[in-house]
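One structure below.
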Amino acid sequence: MRIGFNIMFFFYVAMIGIPIGLWLISVTSQMPQYHQIRVVLAALVGIGSIIYGVVGFKEVFTHGPGK
Amino acid sequence: MKKVTFEQRGNQFKITRLLGFDLEGFVHMLFYRVLIFVAFIYGAVLLLSLSIYPQLSGYVKPLTLVVWVLITPQLYETFKGMSMMLSGGMVHSRLSEEYTSMMRSRYKKSGTAFVLVPYVALLLWIFGFAYAILWWTI
């Protein structure tokens, strides 16, 4: 069975990944040894947020994902 | 004859169309629509502050807190959907009580613990928010 990846897959990953990423950054804020991990997480959250915003805009305001 | 569909709830531009019967859905929809724009700006500010414009880092924490609040209904609904899925529709669904009772006795599945999933997620989320207000840093 071939699993196809499209933009909606990344949208759903962002939907659950952004809160988890933000939460992990928040609770490890006082741990300097995890600074590099927080930077990576923040970059992923940033990319995910942009995908979330763009796909969400298409889905809500132009009535259709991937169209 | 061409089939014509009629959306009785009204066009999506009518923001209050869910308000009369689905307050939870209305709140989720409202926060989501605002979050769409804020998330895009937040992502751009975050990536720029980590790379070529570190002077933007002062805006990251306030924007993070705004996104944190806006994403709360989405988080709740996501974990509610998960608990619904994991319990086979026994909890947080709108199936009739008689049907869910019969399903529980047939499949020997109560799903009681799954009721707590979205509320535990919400509690952890609020804890993280309080932590972020006090100590957020990358």
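Each chain of the structure tokens is named A, B, ... in the order shown, its residues numbered from 1; ligands are numbered from 1 in display order.
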
Quick one: everything within 9 Å of Ala44 (chain B), counting only C-alpha atoms, minus sequence neighbours fewer than 3 positions away in the same chain. Send it as a VMD selection string.
(chain A and resid 46 to 47 49 to 50) or (chain B and resid 39 to 41 47 to 49)

Test item: chain B residues at most 7 Å from chain A, counting only C-alpha atoms, as a list of chain:residue names:
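Those within range of chain A come out as B:Ile36, B:Phe37, B:Ala39, B:Phe40, B:Tyr42, B:Gly43, B:Ala44, B:Leu46, B:Leu47, B:Gly128, B:Tyr131, B:Ala132, B:Trp135, B:Trp136, B:Thr137, B:Ile138.
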
Using DSSP secondary structure from the backbone, list all helix (DSSP H, G or I) positions within region 2-59 of chain A, as a PyMOL selection string.
chain A and resi 7-27+32-59

To one decimal place, how far is CA of Ile126 (chain B) from CA of Val91 (chain B) in Å?
22.9 Å

When distances are computed from only C-alpha atoms, which of B:Pro118, B:Pro54, B:Gly111, B:Pro73 shows the smallest separation from Tyr32 (chain B)?
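Closest to Tyr32 (chain B), using only C-alpha atoms: B:Pro73.
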
Quick check, in Å to one decimal: how far apart do CA of Gly17 (chain A) and CA of Leu65 (chain B) lie?
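Separation of CA of Gly17 (chain A) and CA of Leu65 (chain B): 16.5 Å.
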
Tell me, in Å to one decimal, how far CA of Leu35 (chain B) is from CA of Ala14 (chain A).
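Computing the Euclidean distance for CA of Leu35 (chain B) and CA of Ala14 (chain A) yields 12.9 Å.
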
Given the choices B:Ser57, B:Tyr99, B:Phe6, B:Val117, which gets closest to Gly81 (chain B) if the distance is worked out from only C-alpha atoms?
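Among the listed residues, the smallest separation from Gly81 (chain B) belongs to B:Val117.
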
Determine, using only C-alpha atoms, which residues of region 38-108 of chain B have any atom at most 12 Å from an atom of region 9-27 of chain B, and tabulate each with its shortest atom pair and distance in Å to one decimal place, rows ordered by chain and then rising number, as a tab-separated table.
residue	atom	partner	partner_atom	distance
B:Leu70	CA	B:Val27	CA	10.1
B:Ile71	CA	B:Val27	CA	11.2
B:Thr72	CA	B:Val27	CA	10.3
B:Pro73	CA	B:Val27	CA	7.3
B:Gln74	CA	B:Val27	CA	9.7
B:Tyr76	CA	B:Glu24	CA	10.4
B:Glu77	CA	B:Gly25	CA	9.2
